[in-house]
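> Dropping the structure in here first, questions after.
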Amino acid sequence: MRTEPKLTRLDRIFARLDREPERPVLDVPRMTRHRVVLFGATLAFYLTIVLAVVTTSWLVRFDWQAMLFRPYQQWPEIHAFLDYWVVLGQRGPTAVMVAAWLGWRSWRQHTLRPLLAFGAALLLLNVSVGAVKYGLGRSGPHYATEVGSNEMWHWFQAGSDIFPSGHTANAVVTWGILAYLATSPRARRWLSALSAVLSLSVGLTTVYLGTHWLSDVLLGWAAGLLILLGLPWFEPPIARAEAWLLDLRERWLAGASRTTPQATPVPAAAPVAVTPLAAAAEEVPSRETVSSRETVSQSAARAPRAPVYLAPGPHTTRAERTPVTPAGSRRPPYPERVTRGSAPAARPLTGG
């Protein structure tokens with residue numbers, strides 16, 4: 001009886017990932033009327049918080065009441081846990097974790113949009129929140145000097161860059177970008193709820209630890225939400241940046257392939273004429289014959305000759321051939337030459 005292997009949960013997850021298309025059709029959020037209304041309401045809330053703090057309204061008095069309550073002294077048993085929990089709002093660790101996940105998605109889906117959208121959101125966060133922080137110059141609870149004061153315009157004092165809360169705004173943007181880039185409505189709803197819980201808990205943790213006023217947290221929530229709501233306005237530049245980067249990558253790969261050294265083909269050797277061995281055994285011709293052959297060879301060398309091709313098959317080099325000694329003497333015959341030590345023969349006299 002043949003039974004199917006039982007898959008574990010991890011095997012089912014990887015099997016589902018293998019069935020995922022390489023480049024799915026991504027639902028890019030658009031700036032709809034509903035989103036514009038939410039953006040306008042959040043902007044109005046943002047400006048209201050700033051105005052309430054600048055005018056030292058009831059919100060500033062509530063800030064002082066929460067600070068003097070000292071929650072970290074009321075519930076000291078959770079202090080150690082919340083010291084680690086607040087790290088979920090720090091820009092460095094959270095950016096690395098989310099960038100790693102979005103980088104894997106970019107590689108899986110063959111698109112740079114997740115990473116580019118995350119980079120654009122972080123850039124907007126640093127510019128907008130940083131400008132308000134250093135522009136208003138509000139000191140934190142640990143650096144407050146006058147009870148009931150809004151602690152504003154302390155530009156050159158330590159701890160005067162806490163309004164709005166960077167931890168809270170970063171938590172909203174970093175975890176909210178996962179919901180923004182979700183590929184299904186169900187995943188977007190679940191990730192939106194998760195990011196809301198994380199950002200709320202991180203903001204309240206800073207109030208518990210005494211590092212931020214409550215109004216700092218409210219303004220940080222609004223600042224992060226404004227970035228997520230307004231991010232669809234930056235989708236066209238993100239698309240152009242992705243097309244430019246992919247085109248740059250293609251040109252770089254094409255240039256790298258052209259500069260790669262190719263194997264240089266070795267030219268074929270010129271055909272070599274092989275002299276038969278039998279010709280070496282013949283007697284050396286006479287001087288007249290040699291001179292006539294030299295004349296013919298010189299004239300033939302000037303005239304173009306047809307190439308001589310070797311017969312197919314293995315050929316031996318000159319060093320591998322068996323030396324052949326020609327028969328007879330190599331000297332040309334001279335009838336008048338006499339042997340050394342003998343008397344020359346008498347020449348006949350001819351009369352004239």
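By convention here, the chains of the structure tokens are called A, B, ... in the order presented, each chain's residues are numbered starting at 1, and ligands are numbered starting at 1 in the order presented.
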Pick out the residues sitting within 7 Å of A:Gly210, and hand them over as a PyMOL selection string; count only C-alpha atoms, and ignore anything fewer than 4 positions along from it in its own chain.

chain A and resi 67+141+206

> With only C-alpha atoms counted and 9 Å as the cut-off, give the residues of stretch 25-103 of chain A in contact with stretch 162-175 of chain A, each with its shortest interatomic distance in Å and the pair that gives it, as JSON lines.


{"residue": "A:Val86", "atom": "CA", "partner": "A:His167", "partner_atom": "CA", "distance": 7.9}
{"residue": "A:Val87", "atom": "CA", "partner": "A:His167", "partner_atom": "CA", "distance": 8.5}
{"residue": "A:Leu88", "atom": "CA", "partner": "A:Ala171", "partner_atom": "CA", "distance": 6.8}
{"residue": "A:Gly89", "atom": "CA", "partner": "A:His167", "partner_atom": "CA", "distance": 4.5}
{"residue": "A:Gln90", "atom": "CA", "partner": "A:His167", "partner_atom": "CA", "distance": 5.7}
{"residue": "A:Arg91", "atom": "CA", "partner": "A:Asn170", "partner_atom": "CA", "distance": 6.2}
{"residue": "A:Thr94", "atom": "CA", "partner": "A:Thr174", "partner_atom": "CA", "distance": 6.9}
{"residue": "A:Ala95", "atom": "CA", "partner": "A:Thr174", "partner_atom": "CA", "distance": 6.8}
{"residue": "A:Val98", "atom": "CA", "partner": "A:Thr174", "partner_atom": "CA", "distance": 7.1}

> Take the residues that were just selected and, keeping N, CA and C atoms, output them as a PDB file, in the first residue's frame.


ATOM      1  N   VAL A  86      10.741  48.804  23.744  1.00  0.00           N
ATOM      2  CA  VAL A  86      10.833  50.091  23.079  1.00  0.00           C
ATOM      3  C   VAL A  86      11.797  50.055  21.898  1.00  0.00           C
ATOM      4  N   VAL A  87      12.624  49.004  21.809  1.00  0.00           N
ATOM      5  CA  VAL A  87      13.539  48.869  20.670  1.00  0.00           C
ATOM      6  C   VAL A  87      12.762  48.704  19.366  1.00  0.00           C
ATOM      7  N   LEU A  88      11.512  48.235  19.439  1.00  0.00           N
ATOM      8  CA  LEU A  88      10.698  48.089  18.231  1.00  0.00           C
ATOM      9  C   LEU A  88      10.383  49.434  17.576  1.00  0.00           C
ATOM     10  N   GLY A  89      10.712  50.522  18.242  1.00  0.00           N
ATOM     11  CA  GLY A  89      10.533  51.841  17.643  1.00  0.00           C
ATOM     12  C   GLY A  89      11.826  52.514  17.258  1.00  0.00           C
ATOM     13  N   GLN A  90      12.961  51.908  17.541  1.00  0.00           N
ATOM     14  CA  GLN A  90      14.239  52.492  17.141  1.00  0.00           C
ATOM     15  C   GLN A  90      14.471  52.281  15.646  1.00  0.00           C
ATOM     16  N   ARG A  91      14.971  53.306  15.009  1.00  0.00           N
ATOM     17  CA  ARG A  91      15.069  53.289  13.553  1.00  0.00           C
ATOM     18  C   ARG A  91      16.081  52.279  13.042  1.00  0.00           C
ATOM     19  N   THR A  94      14.916  48.254  13.595  1.00  0.00           N
ATOM     20  CA  THR A  94      13.691  47.954  12.842  1.00  0.00           C
ATOM     21  C   THR A  94      13.895  48.117  11.340  1.00  0.00           C
ATOM     22  N   ALA A  95      14.681  49.122  10.934  1.00  0.00           N
ATOM     23  CA  ALA A  95      14.935  49.313   9.503  1.00  0.00           C
ATOM     24  C   ALA A  95      15.686  48.130   8.915  1.00  0.00           C
ATOM     25  N   VAL A  98      13.088  45.083   8.644  1.00  0.00           N
ATOM     26  CA  VAL A  98      12.091  45.263   7.582  1.00  0.00           C
ATOM     27  C   VAL A  98      12.762  45.301   6.215  1.00  0.00           C
TER      28      VAL A  98
END

> Given the choices A:Val28, A:Leu38, A:Val54, A:Ile78, which gets closest to A:Leu229 if the distance is worked out from only C-alpha atoms?

A:Leu38

> Restrict the calculation to only C-alpha atoms, then for each residue of stretch 79-186 of chain A with any atom at most 7 Å from an atom of stretch 230-239 of chain A give the closest atom pair and their distance in Å to one decimal, rows by chain and rising residue number, as a tab-separated table.


residue	atom	partner	partner_atom	distance
A:Arg113	CA	A:Ile238	CA	6.9
A:Leu116	CA	A:Ile238	CA	6.3
A:Ala117	CA	A:Ile238	CA	6.7

> Between A:Ala179, A:Leu198, A:Met152, A:Ala187, which residue has the minimum interatomic distance to A:Gly137, considering only C-alpha atoms?

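With only C-alpha atoms as the atom set, the closest residue is A:Met152.
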
> Using DSSP assignments from the backbone, pull out every residue in stretch 46-75 of chain A that falls under helix (DSSP H, G or I) and give it to me as a PyMOL selection string.

chain A and resi 46-54+58-69+71-74

> I need the chosen residues saved as a CSV table (one decimal), in the first residue's frame, with C-alpha atoms.


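Wrote part.csv, looks like this:
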chain,number,residue,atom,x,y,z
A,46,TYR,CA,-1.3,67.3,13.6
A,47,LEU,CA,-1.6,71.1,13.5
A,48,THR,CA,-4.0,71.1,16.4
A,49,ILE,CA,-1.5,69.2,18.6
A,50,VAL,CA,1.2,71.7,17.6
A,51,LEU,CA,-1.0,74.6,18.3
A,52,ALA,CA,-2.1,73.2,21.7
A,53,VAL,CA,1.5,72.8,22.9
A,54,VAL,CA,2.7,76.1,21.6
A,58,TRP,CA,-4.7,71.9,28.8
A,59,LEU,CA,-2.7,69.4,26.8
A,60,VAL,CA,0.5,70.7,28.4
A,61,ARG,CA,-1.0,70.5,31.9
A,62,PHE,CA,-2.0,66.9,31.1
A,63,ASP,CA,1.6,66.2,30.0
A,64,TRP,CA,2.9,67.4,33.4
A,65,GLN,CA,0.3,65.3,35.3
A,66,ALA,CA,1.4,62.1,33.4
A,67,MET,CA,5.0,62.9,34.0
A,68,LEU,CA,4.6,63.6,37.7
A,69,PHE,CA,2.6,60.4,38.1
A,71,PRO,CA,4.5,55.3,35.8
A,72,TYR,CA,7.9,53.6,36.0
A,73,GLN,CA,7.6,53.9,39.8
A,74,GLN,CA,4.0,52.8,39.9

> As an exercise, work out the distance from atom CA of A:Ala182 to atom CA of A:Arg105 in Å and give it to one decimal place.

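Between atom CA of A:Ala182 and atom CA of A:Arg105 the gap is 10.8 Å.
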
> Considering only C-alpha atoms, state which residue in the set A:Leu123, A:Ala256, A:Leu200, A:Leu136 is at the smallest distance from A:Phe156.

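Smallest separation from A:Phe156 among the options: A:Leu136.
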